[in-house]
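Student: Just passing along the structure, written as structure tokens.
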Amino acid sequence: MATDYADLATLKEQLNMEADDDSRDELLGRAITSASRSIDKTTGRRFWLDADPVVRTYRLRGRTVCEPDGEVLLTDDIGSLSGLLVETGSGSSWSTVTGYETTPDNAHADGEPITGLLRVNGTWGYGPSRVRVTARFGWPSVPDDIEQAALIQASRLFKRKDSPEGVMGSAEWGVVRLSRRDPDVWNLIEQYVRPGFG
């Protein structure tokens with residue numbers, strides 16, 4: 001189940017709302033969820049971790065990279081080694097793989113996910129062979145930048161009801177057209193965008 005990247009209490013505080021005022025909690029909650037899923041779509045990844053291991057199957061074509069010390073299979077983000085199982089094969093015939101290393105080195109120690117599996121001094125196979133990975137996908141924990149981006153975007157989405165047609169008025173500045181993409185949100189999430197997204 002998807003997880004939101006910001007919490008209601010923090011968003012209320014950011015919007016200068018009383019903590020015990022629950023009259024707009026549903027709207028705020030929807031804004032947080034929409035902001036969180038928008039970040040997922042923009043970055044091409046998600047920052048919440050599966051509660052239990054999930055099975056994903058990968059075709060080799062276009063997902064392998066030759067390195068000096070072997071071939072790397074590019075995977076979705078793996079946020080935990082708990083329950084990690086790697087198999088090769090196809091159809092109903094699968095064999096467990098043990099001769100691999102996770103990449104990048106020290107990813108979990110740095111709070112980042114594993115994004116590849118290195119077959120040391122070897123390859124993942126050819127032709128119809130596939131790799132089946134059972135793992136807890138996602139990130140080890142939600143990065144601070146992602147939480148802050150979700151708060152900014154949720155605040156923006158909540159206030160959007162007051163800016164029909166994307167135009168907001170101010171006595172001090174007059175009428176202002178809202179930009180399509182919030183520059184602060186983009187600045188916070190840009191480093192997390194997977195190649196080919198954004």
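Residues in the structure tokens are numbered from 1 in each chain, the chains being A, B, ... in the order shown, and ligands are numbered from 1 in the order shown.
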Got a sec to tell me which of chain A DSSP assigns to strand (DSSP E), as a PyMOL selection string?

Tutor: chain A and resi 54-59+64-67+70-90+93-96+100-103+114-120+130-137+167-170+174-177

Student: So how many Å separate atom CA of Pro68 of chain A and atom CA of Thr98 of chain A, to one decimal?

Tutor: 19.6 Å

Student: Could you state the separation of atom CA of Glu147 of chain A and atom CA of Glu26 of chain A in Å, given to one decimal place?

Tutor: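 We find that atom CA of Glu147 of chain A and atom CA of Glu26 of chain A lie 19.3 Å from each other.
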
Student: Just how far from atom CA of Val193 of chain A is atom CA of Ser38 of chain A, in Å to one decimal?

Tutor: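 Between atom CA of Ser38 of chain A and atom CA of Val193 of chain A the gap is 12.2 Å.
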
Student: List the neighbours of Lys12 of chain A out to 10 Å using only C-alpha atoms; skip same-chain residues closer than 4 positions along the sequence, and give me the result as a VMD selection string.

Tutor: chain A and resid 7 to 8 16 to 22 24 to 25 28 151 155

Student: Find the residues around Arg59 of chain A up to 12 Å (only C-alpha atoms counted), leave out those fewer than 3 positions away in its own chain, and share them as a ChimeraX atom specification.

Tutor: /A:56,62-64,73-75,88-90,124-133

Student: Please save C-alpha atoms of the selected residues as a compact mmCIF listing (two decimals), in the first residue's frame.

Tutor:
```txt
# COMPACT_ATOMS: atom_id res chain seq x y z
CA ARG A 56 9.32 -8.90 -10.02
CA GLY A 62 18.00 -3.33 -22.28
CA ARG A 63 18.44 -3.98 -18.54
CA THR A 64 22.06 -5.13 -18.41
CA LEU A 73 21.25 -6.15 -14.07
CA LEU A 74 19.45 -2.85 -13.49
CA THR A 75 16.55 -3.38 -11.08
CA THR A 88 17.16 -17.03 -13.44
CA GLY A 89 15.07 -18.98 -15.91
CA SER A 90 11.70 -18.73 -17.63
CA TRP A 124 23.01 -12.90 -16.53
CA GLY A 125 22.39 -15.06 -19.62
CA TYR A 126 21.03 -14.63 -23.11
CA GLY A 127 17.93 -15.22 -25.21
CA PRO A 128 14.63 -16.00 -23.51
CA SER A 129 16.17 -16.19 -20.03
CA ARG A 130 14.76 -13.83 -17.42
CA VAL A 131 15.72 -12.82 -13.90
CA ARG A 132 13.16 -13.05 -11.12
CA VAL A 133 13.88 -10.90 -8.05
```

Student: Considering only C-alpha atoms, state which residue in the set A:Arg37, A:Arg45, A:Arg136, A:Arg119 is at the smallest distance from Thr103 of chain A.

Tutor: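 Of all the options, A:Arg119 lies closest to Thr103 of chain A.
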
Student: Tell me which protein, DNA and RNA residues are within 8 Å of Ser80 of chain A, counting only C-alpha atoms, leaving out same-chain ones fewer than 2 positions away, and put them as number ranges by chain.

Tutor: A: 78, 82, 84, 108, 113, 135-137, 139-140

Student: As a ChimeraX atom specification, list the residues of segment 10-170 of chain A assigned to alpha helix (DSSP H) by DSSP on the backbone atoms of this structure.

Tutor: /A:10-14,25-43,144-159

Student: Write a file of the just-selected residues containing C-alpha atoms, as a tab-separated table (two decimals), in the first residue's frame.

Tutor:
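The file below, again05.tsv, is the result:
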```tsv
chain	number	residue	atom	x	y	z
A	10	THR	CA	3.20	19.09	9.84
A	11	LEU	CA	1.19	20.40	6.89
A	12	LYS	CA	-1.27	22.12	9.24
A	13	GLU	CA	1.62	23.76	11.07
A	14	GLN	CA	3.11	24.92	7.77
A	25	ASP	CA	-8.49	17.39	7.23
A	26	GLU	CA	-9.99	15.47	4.30
A	27	LEU	CA	-8.90	18.13	1.78
A	28	LEU	CA	-5.44	18.32	3.35
A	29	GLY	CA	-5.11	14.52	3.33
A	30	ARG	CA	-6.01	14.36	-0.36
A	31	ALA	CA	-3.48	17.09	-1.11
A	32	ILE	CA	-0.73	15.14	0.70
A	33	THR	CA	-1.58	11.91	-1.15
A	34	SER	CA	-1.72	13.68	-4.53
A	35	ALA	CA	1.60	15.43	-3.87
A	36	SER	CA	3.22	12.14	-2.86
A	37	ARG	CA	2.00	10.25	-5.93
A	38	SER	CA	2.99	13.17	-8.17
A	39	ILE	CA	6.55	12.92	-6.84
A	40	ASP	CA	6.51	9.18	-7.62
A	41	LYS	CA	5.40	9.83	-11.21
A	42	THR	CA	7.85	12.66	-11.79
A	43	THR	CA	10.88	10.81	-10.42
A	144	ASP	CA	14.17	14.58	3.95
A	145	ASP	CA	14.13	16.34	0.55
A	146	ILE	CA	11.19	14.23	-0.58
A	147	GLU	CA	9.24	14.95	2.61
A	148	GLN	CA	9.83	18.69	2.20
A	149	ALA	CA	8.86	18.59	-1.48
A	150	ALA	CA	5.64	16.76	-0.56
A	151	LEU	CA	4.80	19.42	2.05
A	152	ILE	CA	5.38	22.28	-0.40
A	153	GLN	CA	3.39	20.59	-3.16
A	154	ALA	CA	0.55	19.59	-0.80
A	155	SER	CA	0.32	23.18	0.44
A	156	ARG	CA	0.21	24.39	-3.16
A	157	LEU	CA	-2.49	21.85	-4.09
A	158	PHE	CA	-4.58	22.76	-1.06
A	159	LYS	CA	-4.41	26.49	-1.91
```

Student: Write out as a VMD selection string which residues come within 7 Å of Thr102 of chain A when counting only C-alpha atoms, dropping same-chain ones fewer than 3 positions away.

Tutor: chain A and resid 105 114 116 to 118

Student: Selection from above, N, CA and C atoms, as a PDB file, in the first residue's frame, can you write it?

Tutor:
```
ATOM      1  N   ASP A 105      27.825   0.127  -4.268  1.00  0.00           N
ATOM      2  CA  ASP A 105      28.416  -0.258  -2.989  1.00  0.00           C
ATOM      3  C   ASP A 105      27.941   0.691  -1.892  1.00  0.00           C
ATOM      4  N   ILE A 114      19.407  -0.124  -3.377  1.00  0.00           N
ATOM      5  CA  ILE A 114      20.184  -0.910  -4.324  1.00  0.00           C
ATOM      6  C   ILE A 114      19.471  -0.770  -5.665  1.00  0.00           C
ATOM      7  N   GLY A 116      21.033  -2.236  -8.674  1.00  0.00           N
ATOM      8  CA  GLY A 116      21.549  -3.206  -9.623  1.00  0.00           C
ATOM      9  C   GLY A 116      22.143  -4.418  -8.930  1.00  0.00           C
ATOM     10  N   LEU A 117      22.218  -5.508  -9.692  1.00  0.00           N
ATOM     11  CA  LEU A 117      22.811  -6.747  -9.215  1.00  0.00           C
ATOM     12  C   LEU A 117      23.948  -7.113 -10.155  1.00  0.00           C
ATOM     13  N   LEU A 118      25.169  -7.196  -9.612  1.00  0.00           N
ATOM     14  CA  LEU A 118      26.369  -7.463 -10.393  1.00  0.00           C
ATOM     15  C   LEU A 118      26.669  -8.952 -10.390  1.00  0.00           C
TER      16      LEU A 118
END
```

Student: Let me make sure I understand: among A:Val120, A:Leu85, A:Ala107, A:Leu15, which one has the smallest atom-to-atom distance to Val72 of chain A if we use only C-alpha atoms?

Tutor: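 For Val72 of chain A, the nearest of the given residues is A:Val120.
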
Student: Nearest residue to Glu112 of chain A out of A:Val142, A:Ala9, A:Cys66, A:Ala2, using only C-alpha atoms?

Tutor: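 Looking only at the distances to Glu112 of chain A, the closest residue turns out to be A:Val142.
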
Student: Between A:Thr57, A:Gly70, A:Val185, A:Asn121, which is the closest to Trp94 of chain A once you count only C-alpha atoms?

Tutor: A:Thr57

Student: For Ser141 of chain A, which residue among A:Pro195, A:Pro104, A:Pro183, A:Gly79 is the nearest when counting only C-alpha atoms?

Tutor: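 Checking each of A:Pro195, A:Pro104, A:Pro183, A:Gly79 against Ser141 of chain A, counting only C-alpha atoms, the winner is A:Gly79.
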